[in-house]
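Chemist: mmCIF, C-alpha atoms (C1' of nucleotides), file query-v8.cif:
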data_target
loop_
_atom_site.label_atom_id
_atom_site.label_comp_id
_atom_site.auth_asym_id
_atom_site.auth_seq_id
_atom_site.Cartn_x
_atom_site.Cartn_y
_atom_site.Cartn_z
CA MET A 15 69.62 117.95 47.03
CA SER A 16 69.94 114.19 46.88
CA TYR A 17 72.72 112.34 48.77
CA ASP A 18 70.44 109.30 48.47
CA ASP A 19 73.22 106.71 48.56
CA THR A 20 72.51 105.56 45.00
CA THR A 21 73.22 108.70 43.01
CA PRO A 22 76.82 109.96 43.03
CA PRO A 23 77.02 113.53 44.38
CA ARG A 24 77.27 116.27 41.80
CA TRP A 25 80.22 118.54 42.59
CA GLU A 26 80.39 120.70 39.49
CA MET A 27 78.92 124.05 40.41
CA THR A 28 79.63 127.72 40.90
CA VAL A 29 80.33 129.37 44.25
CA ALA A 30 76.84 130.90 44.14
CA GLU A 31 75.30 127.44 43.67
CA ALA A 32 77.49 126.04 46.44
CA ARG A 33 76.13 128.66 48.79
CA THR A 34 72.57 127.51 48.03
CA VAL A 35 73.58 123.90 48.60
CA GLN A 36 75.00 124.83 52.03
CA GLN A 37 71.80 126.60 53.00
CA GLU A 38 69.74 123.59 51.96
CA LEU A 39 71.93 120.92 53.53
CA ARG A 40 72.35 122.69 56.85
CA GLU A 41 68.67 121.98 57.48
CA ARG A 42 69.60 118.31 57.75
CA LEU A 43 72.17 118.85 60.51
CA ILE A 44 71.50 116.88 63.67
CA ALA A 45 72.99 118.73 66.62
CA HIS A 46 73.51 115.85 68.99
CA PRO A 47 75.33 112.49 68.94
CA PRO A 48 73.48 109.15 68.77
CA ALA A 49 72.16 107.84 72.12
CA GLY A 50 74.93 106.05 73.99
CA PHE A 51 77.55 107.35 71.54
CA ALA A 52 80.66 105.20 72.00
CA PRO A 53 82.66 105.11 68.75
CA ARG A 54 85.00 102.20 68.26
CA TRP A 55 86.43 103.22 64.88
CA ILE A 56 87.44 106.83 64.33
CA ALA A 57 88.73 108.28 61.07
CA GLY A 58 90.91 111.26 60.32
CA ALA A 59 90.50 113.09 57.00
CA ASP A 60 92.99 115.25 55.13
CA VAL A 61 93.93 116.50 51.67
CA SER A 62 97.25 117.85 50.41
CA MET A 63 98.20 119.33 47.07
CA GLU A 64 101.22 120.34 45.09
CA ARG A 65 102.49 123.89 44.85
CA PHE A 66 101.51 124.95 41.35
CA SER A 67 99.08 122.15 40.64
CA HIS A 68 95.40 121.41 41.08
CA PHE A 69 96.17 117.80 41.86
CA GLY A 70 95.07 116.64 45.28
CA HIS A 71 96.01 113.69 47.48
CA ALA A 72 93.33 112.63 49.97
CA ALA A 73 93.14 110.07 52.74
CA LEU A 74 90.82 108.70 55.39
CA VAL A 75 92.71 106.84 58.10
CA VAL A 76 90.67 104.75 60.53
CA LEU A 77 91.99 104.22 64.05
CA ASP A 78 90.87 101.92 66.83
CA ALA A 79 89.34 104.30 69.38
CA GLN A 80 90.82 102.40 72.30
CA THR A 81 94.39 101.83 71.16
CA LEU A 82 94.66 104.53 68.47
CA ALA A 83 96.24 101.89 66.23
CA VAL A 84 95.65 102.25 62.49
CA ALA A 85 92.96 99.81 61.30
CA GLU A 86 92.48 100.86 57.68
CA THR A 87 93.60 103.50 55.22
CA ALA A 88 91.84 104.62 52.05
CA THR A 89 93.34 107.10 49.58
CA ALA A 90 92.38 108.92 46.40
CA GLU A 91 94.28 111.19 44.06
CA GLU A 92 92.52 113.45 41.61
CA GLU A 93 92.22 116.90 40.13
CA LEU A 94 90.68 119.41 42.53
CA ARG A 95 88.02 121.14 40.45
CA PHE A 96 86.67 123.65 42.89
CA PRO A 97 88.94 126.61 43.82
CA TYR A 98 89.88 127.39 47.37
CA VAL A 99 87.41 130.01 48.52
CA PRO A 100 87.14 130.69 52.27
CA GLY A 101 83.77 129.38 53.38
CA TYR A 102 83.56 126.74 50.62
CA LEU A 103 86.38 124.37 51.48
CA SER A 104 84.10 121.31 51.49
CA PHE A 105 83.38 121.66 47.78
CA ARG A 106 87.11 121.43 47.11
CA GLU A 107 88.08 118.65 49.50
CA LEU A 108 85.03 116.40 49.73
CA PRO A 109 85.18 115.01 46.16
CA PRO A 110 88.46 113.12 46.75
CA LEU A 111 87.50 112.33 50.36
CA HIS A 112 84.24 110.84 49.12
CA ALA A 113 86.24 108.54 46.86
CA CYS A 114 88.19 107.47 49.93
CA TRP A 115 84.97 106.89 51.84
CA GLU A 116 83.62 104.57 49.15
CA ARG A 117 86.84 102.58 49.24
CA LEU A 118 86.71 101.93 52.98
CA ALA A 119 85.84 98.32 53.72
CA ALA A 120 84.42 99.28 57.13
CA LYS A 121 82.91 102.70 57.78
CA PRO A 122 84.03 104.52 60.96
CA ASP A 123 81.66 105.64 63.75
CA LEU A 124 83.17 109.12 63.85
CA VAL A 125 85.20 111.28 61.46
CA VAL A 126 87.46 114.14 62.51
CA PHE A 127 88.11 116.75 59.83
CA ASP A 128 91.00 119.17 59.47
CA GLY A 129 88.85 122.31 59.30
CA GLN A 130 85.69 123.85 60.72
CA GLY A 131 82.33 122.26 61.36
CA TYR A 132 79.63 124.54 62.75
CA ALA A 133 82.07 127.43 63.26
CA HIS A 134 81.34 128.67 59.76
CA PRO A 135 79.71 131.83 58.38
CA ARG A 136 76.62 129.85 57.38
CA ARG A 137 77.05 127.16 60.07
CA PHE A 138 77.97 124.49 57.51
CA GLY A 139 81.70 123.94 57.34
CA LEU A 140 83.62 120.95 55.97
CA ALA A 141 82.81 118.64 58.89
CA CYS A 142 79.07 119.37 58.68
CA HIS A 143 78.99 118.75 54.94
CA GLY A 144 80.97 115.52 55.20
CA GLY A 145 78.75 114.28 58.01
CA VAL A 146 75.53 114.92 56.12
CA LEU A 147 76.99 113.40 52.96
CA TRP A 148 77.95 110.17 54.75
CA ASP A 149 75.34 110.33 57.50
CA VAL A 150 77.98 109.80 60.19
CA PRO A 151 78.94 111.71 63.35
CA THR A 152 81.69 114.24 62.57
CA ILE A 153 83.86 116.84 64.31
CA GLY A 154 85.66 119.86 62.93
CA CYS A 155 89.11 120.50 64.41
CA ALA A 156 90.90 123.44 62.77
CA LYS A 157 94.34 124.94 63.35
CA THR A 158 93.19 128.50 62.70
CA LEU A 159 89.96 130.46 62.80
CA LEU A 160 87.55 131.13 59.96
CA VAL A 161 85.02 133.12 61.97
CA GLY A 162 84.41 134.06 65.59
CA GLU A 163 86.47 135.22 68.53
CA HIS A 164 87.27 133.97 71.98
CA GLY A 165 88.71 135.19 75.24
CA GLU A 166 91.94 134.10 76.85
CA LEU A 167 92.24 130.50 77.93
CA GLY A 168 94.57 128.78 80.37
CA MET A 169 97.91 127.42 79.19
CA GLU A 170 97.31 123.84 80.28
CA ARG A 171 96.04 120.90 78.30
CA GLY A 172 92.26 120.76 78.66
CA ASP A 173 91.75 124.52 79.08
CA THR A 174 89.04 125.98 76.85
CA ALA A 175 87.34 129.21 75.81
CA PRO A 176 84.01 129.47 73.95
CA LEU A 177 84.22 130.60 70.33
CA ILE A 178 81.58 133.24 69.66
CA HIS A 179 80.28 134.45 66.31
CA LYS A 180 77.36 136.83 66.01
CA ASP A 181 76.28 136.27 69.60
CA GLU A 182 76.23 132.49 69.18
CA VAL A 183 78.60 129.89 70.63
CA VAL A 184 79.80 128.15 67.47
CA GLY A 185 82.80 126.25 68.78
CA MET A 186 85.53 126.03 71.39
CA ALA A 187 89.18 127.04 71.49
CA VAL A 188 90.86 124.01 73.06
CA ARG A 189 94.35 123.67 74.49
CA THR A 190 95.25 120.10 73.60
CA ARG A 191 98.76 120.37 74.96
CA ASP A 192 100.48 122.49 77.61
CA GLY A 193 101.86 125.72 76.25
CA THR A 194 100.89 125.22 72.59
CA LYS A 195 98.46 127.22 70.47
CA PRO A 196 94.86 126.05 70.84
CA VAL A 197 92.89 124.21 68.15
CA TYR A 198 89.38 125.23 67.19
CA VAL A 199 86.77 122.56 67.73
CA SER A 200 83.20 122.64 66.47
CA ALA A 201 80.42 120.12 65.97
CA GLY A 202 79.88 118.57 62.58
CA HIS A 203 76.87 116.28 61.99
CA ARG A 204 75.16 114.12 64.65
CA MET A 205 77.35 115.86 67.20
CA ASP A 206 77.32 118.50 69.93
CA LEU A 207 80.12 120.78 71.06
CA ALA A 208 80.75 119.15 74.45
CA THR A 209 81.12 115.69 72.91
CA ALA A 210 83.31 117.07 70.14
CA VAL A 211 85.68 118.70 72.64
CA GLU A 212 85.74 115.55 74.74
CA TRP A 213 86.80 113.41 71.79
CA VAL A 214 89.36 115.83 70.43
CA LEU A 215 91.06 115.84 73.83
CA ARG A 216 90.86 112.08 74.07
CA LEU A 217 92.47 111.73 70.63
CA SER A 218 95.26 114.24 71.22
CA ARG A 219 98.75 113.37 72.42
CA PHE A 220 100.29 116.37 70.70
CA ARG A 221 98.61 119.56 69.47
CA LEU A 222 96.53 117.85 66.78
CA PRO A 223 94.40 114.71 67.17
CA GLU A 224 96.17 111.46 66.23
CA THR A 225 93.54 110.97 63.54
CA THR A 226 94.52 114.08 61.63
CA ARG A 227 98.21 113.48 62.26
CA HIS A 228 97.96 110.07 60.64
CA ALA A 229 95.89 111.38 57.72
CA HIS A 230 98.37 114.23 57.27
CA ALA A 231 101.32 111.85 57.13
CA VAL A 232 99.59 109.64 54.57
CA VAL A 233 98.67 112.43 52.15
CA ASN A 234 102.11 113.98 52.37
CA ASP A 235 103.71 110.62 51.57
CA LEU A 236 101.42 110.29 48.57
CA ARG A 237 102.34 113.73 47.32
CA ARG A 238 106.07 113.14 47.68
CA ALA A 239 105.77 109.77 45.98
CA ARG A 240 103.93 111.31 43.04
CA LYS A 241 106.44 114.11 42.80
CA THR A 242 109.42 111.74 42.72
CA GLU A 243 107.98 109.45 40.04
"C1'" DG B 24 84.43 150.80 50.65
"C1'" DC B 25 87.73 148.20 53.96
"C1'" DG B 26 89.47 144.27 56.19
"C1'" DA B 27 89.09 139.13 57.15
"C1'" DC B 28 89.46 134.89 55.17
"C1'" DA B 29 89.38 126.75 57.35
"C1'" DG B 30 92.92 124.29 53.66
"C1'" DA C 4 97.65 124.19 51.23
"C1'" DT C 5 102.85 125.05 49.79
"C1'" DC C 6 107.70 127.39 49.77
"C1'" DT C 7 112.01 126.16 53.60
"C1'" DT C 8 117.05 125.45 57.94
"C1'" DG C 9 118.13 126.08 61.75
"C1'" DT C 10 117.16 126.89 66.30
"C1'" DC C 11 115.21 127.42 70.94
"C1'" DG C 12 113.13 124.78 74.67
"C1'" DC C 13 110.79 121.02 77.33
#
Once you've parsed the file, please lay out its structure as structure tokens.

Modeler:
Amino acid sequence: MSYDDTTPPRWEMTVAEARTVQQELRERLIAHPPAGFAPRWIAGADVSMERFSHFGHAALVVLDAQTLAVAETATAEEELRFPYVPGYLSFRELPPLHACWERLAAKPDLVVFDGQGYAHPRRFGLACHGGVLWDVPTIGCAKTLLVGEHGELGMERGDTAPLIHKDEVVGMAVRTRDGTKPVYVSAGHRMDLATAVEWVLRLSRFRLPETTRHAHAVVNDLRRARKTE
DNA sequence: GCGACAG
DNA sequence: ATCTTGTCGC
């Protein structure tokens, strides 16, 4: 596997090949944030698509970590080649997100993905793959579970419950807002669970982090614009 | 074989 | 992910 910064990633492959790629790349995962981790620019990533189409709309929206104001937005629209197969989401969404990444004038210090990181059957979800690809700290923050289970957690913002899969803590169910369903946080690359949970809470005013809310709004606008043309 | 299954 | 209006509640 390359990801050498000079050769464009090769995305065309079968699910079986993708599985091998995950097993190889997961060896590169760094399970802790950089020393003195204090991100100033944080990006949200998301992809949306049309009902009976393979066309995808992707966006990376960078926010100022202190004010949560939007600093830069990069978008890409292209055919999604890889099918949606649970456990292989990164091979479907990273191609357009990578195009967004290359278009960013200034790279963020942290990226929050709309999906799992380490809480994955082979411990290499979307956030892990994106982090290794770009060599940047990443966090996975999903709305629903892919694998694992957790006990009850309090109903107040900040309450948590460890997410367990095969006797291993792979993530955390986190209540980001009083009385709402929890989100599922897991470490991506150059990240640990405690730091991931800390940042997701810091970025959340509503159920989902502001980063993903902004990215979501951008990709939905793109899709509607394309549909109306 | 059966059920589960990020977006 | 997407298809879809109103409605209940803070």

Chemist: Please determine the contact residues of chain B with respect to chain A at a cut-off of 10 Å, counting all atoms listed in the file, and supply them as a compact mmCIF listing (two decimals) with C-alpha atoms (C1' of nucleotides), keeping the file's coordinate frame.

Modeler:
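Once written, iface-v2.txt looks like this:
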# COMPACT_ATOMS: atom_id res chain seq x y z
C1' DA B 27 89.09 139.13 57.15
C1' DC B 28 89.46 134.89 55.17
C1' DA B 29 89.38 126.75 57.35
C1' DG B 30 92.92 124.29 53.66

Chemist: Could you list the residues chosen by the PyMOL selection byres ((chain C and resi 6) around 12) in this structure as a PDB file with C-alpha atoms (C1' of nucleotides), keeping the file's coordinate frame?

Modeler:
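Output saved as result16.pdb:
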ATOM      1  CA  GLU A  64     101.220 120.340  45.090  1.00  0.00           C
ATOM      2  CA  ARG A  65     102.490 123.890  44.850  1.00  0.00           C
ATOM      3  CA  PHE A  66     101.510 124.950  41.350  1.00  0.00           C
TER       4      PHE A  66
ATOM      5  C1'  DA C   4      97.650 124.190  51.230  1.00  0.00           C
ATOM      6  C1'  DT C   5     102.850 125.050  49.790  1.00  0.00           C
ATOM      7  C1'  DT C   7     112.010 126.160  53.600  1.00  0.00           C
TER       8       DT C   7
END

Chemist: One decimal, Å: what's the distance from CA of Val84 (chain A) over to CA of His71 (chain A), could you say?

Modeler: 18.9 Å

Chemist: Could you tell me which of A:Arg219, A:His68, A:Arg204, A:Arg191 comes closest to Phe51 (chain A) if we count all atoms listed in the file?

Modeler: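 Among A:Arg219, A:His68, A:Arg204, A:Arg191, it is A:Arg204 that comes nearest to Phe51 (chain A).
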
Chemist: Give me, as number ranges by chain, all polymer residues having an atom no more than 9 Å from Arg42 (chain A), counting only C-alpha atoms (C1' of nucleotides) and skipping those fewer than 3 positions away in the same chain.

Modeler: A: 38-39, 146, 203

Chemist: Pro110 (chain A): which residues within 8 Å, counting only C-alpha atoms (C1' of nucleotides), same-chain residues fewer than 4 positions away excluded, as a VMD selection string?

Modeler: chain A and resid 70 to 72 90 to 92 94 114

Chemist: Could you tell me which residues the PyMOL selection byres ((chain A and resi 163) around 6) returns for this structure, as number ranges by chain?

Modeler: A: 162, 164, 177-178

Chemist: Any chance you could export the current selection's C-alpha atoms as a short mmCIF file (atom, residue, chain, number, x, y, z; two decimals), in the coordinates of the input?

Modeler:
data_model
loop_
_atom_site.label_atom_id
_atom_site.label_comp_id
_atom_site.auth_asym_id
_atom_site.auth_seq_id
_atom_site.Cartn_x
_atom_site.Cartn_y
_atom_site.Cartn_z
CA GLY A 162 84.41 134.06 65.59
CA HIS A 164 87.27 133.97 71.98
CA LEU A 177 84.22 130.60 70.33
CA ILE A 178 81.58 133.24 69.66
#

Chemist: Once the PyMOL selection byres ((chain C and resi 13) around 12) has been evaluated on this model, what residues remain selected, and can you format them as a PyMOL selection string?

Modeler: (chain A and resi 192-194) or (chain C and resi 11-12)

Chemist: Could you work out an axis-aligned box for chain B, taking every atom the file lists and adding 6 Å on each side, and report centre and edge lengths in Å to one decimal, as AutoDock Vina command-line options?

Modeler:
--center_x 88.7 --center_y 137.5 --center_z 54.0 --size_x 20.5 --size_y 38.5 --size_z 18.7

Chemist: Just the number, please: distance in Å from CA of Thr225 (chain A) to CA of Leu82 (chain A), one decimal.

Modeler: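 That distance, rounded to one decimal, is 8.2 Å.
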
Chemist: Taking (89.4, 124.2, 76.5) in the coordinates of the supplied file, I want to know which residues reach to within 6 Å of it, counting all atoms listed in the file; could you give the answer as an MDAnalysis selection string?

Modeler: chainID A and resid 172:175 187:189

Chemist: For the selection just defined, write its residues with C-alpha atoms to a file, as an mmCIF file, in the coordinates of the input.

Modeler:
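In the end it all went to part19.cif:
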data_model
loop_
_atom_site.group_PDB
_atom_site.id
_atom_site.type_symbol
_atom_site.label_atom_id
_atom_site.label_comp_id
_atom_site.auth_asym_id
_atom_site.auth_seq_id
_atom_site.Cartn_x
_atom_site.Cartn_y
_atom_site.Cartn_z
ATOM 1 C CA GLY A 172 92.260 120.760 78.660
ATOM 2 C CA ASP A 173 91.750 124.520 79.080
ATOM 3 C CA THR A 174 89.040 125.980 76.850
ATOM 4 C CA ALA A 175 87.340 129.210 75.810
ATOM 5 C CA ALA A 187 89.180 127.040 71.490
ATOM 6 C CA VAL A 188 90.860 124.010 73.060
ATOM 7 C CA ARG A 189 94.350 123.670 74.490
#

Chemist: Just to confirm, what's the straight-line distance from CA of Val125 (chain A) to CA of His179 (chain A) in Å (one decimal)?

Modeler: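 Straight-line distance from CA of Val125 (chain A) to CA of His179 (chain A) works out to 24.2 Å.
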
Chemist: For region 192-218 of chain A, which lacks atoms in the input, supply N, CA and C atoms and format the output as a short mmCIF file (atom, residue, chain, number, x, y, z; two decimals), keeping the file's coordinate frame.

Modeler:
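Dumped to rebuild32.cif:
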data_model
loop_
_atom_site.label_atom_id
_atom_site.label_comp_id
_atom_site.auth_asym_id
_atom_site.auth_seq_id
_atom_site.Cartn_x
_atom_site.Cartn_y
_atom_site.Cartn_z
N ASP A 192 99.96 121.38 76.83
CA ASP A 192 100.48 122.49 77.61
C ASP A 192 101.33 123.45 76.77
N GLY A 193 101.03 124.72 76.89
CA GLY A 193 101.86 125.72 76.25
C GLY A 193 101.81 125.86 74.74
N THR A 194 100.95 125.11 74.06
CA THR A 194 100.89 125.22 72.59
C THR A 194 99.67 126.04 72.20
N LYS A 195 99.61 126.45 70.94
CA LYS A 195 98.46 127.22 70.47
C LYS A 195 97.24 126.30 70.52
N PRO A 196 96.07 126.88 70.77
CA PRO A 196 94.86 126.05 70.84
C PRO A 196 94.41 125.60 69.45
N VAL A 197 93.50 124.63 69.41
CA VAL A 197 92.89 124.21 68.15
C VAL A 197 91.44 124.67 68.28
N TYR A 198 90.76 124.74 67.17
CA TYR A 198 89.38 125.23 67.19
C TYR A 198 88.42 124.10 66.86
N VAL A 199 87.67 123.70 67.86
CA VAL A 199 86.77 122.56 67.73
C VAL A 199 85.32 123.00 67.56
N SER A 200 84.63 122.35 66.63
CA SER A 200 83.20 122.64 66.47
C SER A 200 82.50 121.37 66.04
N ALA A 201 81.20 121.31 66.31
CA ALA A 201 80.42 120.12 65.97
C ALA A 201 80.21 120.02 64.47
N GLY A 202 80.15 118.79 63.99
CA GLY A 202 79.88 118.57 62.58
C GLY A 202 78.43 118.12 62.50
N HIS A 203 78.21 116.86 62.09
CA HIS A 203 76.87 116.28 61.99
C HIS A 203 76.69 115.24 63.10
N ARG A 204 75.45 115.09 63.58
CA ARG A 204 75.16 114.12 64.65
C ARG A 204 76.17 114.30 65.80
N MET A 205 76.32 115.55 66.21
CA MET A 205 77.35 115.86 67.20
C MET A 205 76.98 117.13 67.97
N ASP A 206 77.49 117.25 69.19
CA ASP A 206 77.32 118.50 69.93
C ASP A 206 78.71 118.95 70.36
N LEU A 207 78.81 120.21 70.75
CA LEU A 207 80.12 120.78 71.06
C LEU A 207 80.84 120.08 72.22
N ALA A 208 80.11 119.79 73.29
CA ALA A 208 80.75 119.15 74.45
C ALA A 208 81.36 117.80 74.08
N THR A 209 80.61 117.01 73.32
CA THR A 209 81.12 115.69 72.91
C THR A 209 82.29 115.84 71.95
N ALA A 210 82.22 116.84 71.10
CA ALA A 210 83.31 117.07 70.14
C ALA A 210 84.60 117.41 70.88
N VAL A 211 84.50 118.30 71.86
CA VAL A 211 85.68 118.70 72.64
C VAL A 211 86.23 117.50 73.40
N GLU A 212 85.34 116.74 73.97
CA GLU A 212 85.74 115.55 74.74
C GLU A 212 86.56 114.59 73.87
N TRP A 213 86.08 114.34 72.67
CA TRP A 213 86.80 113.41 71.79
C TRP A 213 88.10 113.96 71.23
N VAL A 214 88.12 115.25 70.95
CA VAL A 214 89.36 115.83 70.43
C VAL A 214 90.45 115.70 71.51
N LEU A 215 90.08 115.96 72.75
CA LEU A 215 91.06 115.84 73.83
C LEU A 215 91.49 114.38 74.00
N ARG A 216 90.54 113.49 73.91
CA ARG A 216 90.86 112.08 74.07
C ARG A 216 91.79 111.57 72.96
N LEU A 217 91.66 112.16 71.78
CA LEU A 217 92.47 111.73 70.63
C LEU A 217 93.81 112.44 70.52
N SER A 218 94.03 113.45 71.35
CA SER A 218 95.26 114.24 71.22
C SER A 218 96.37 113.92 72.21
#
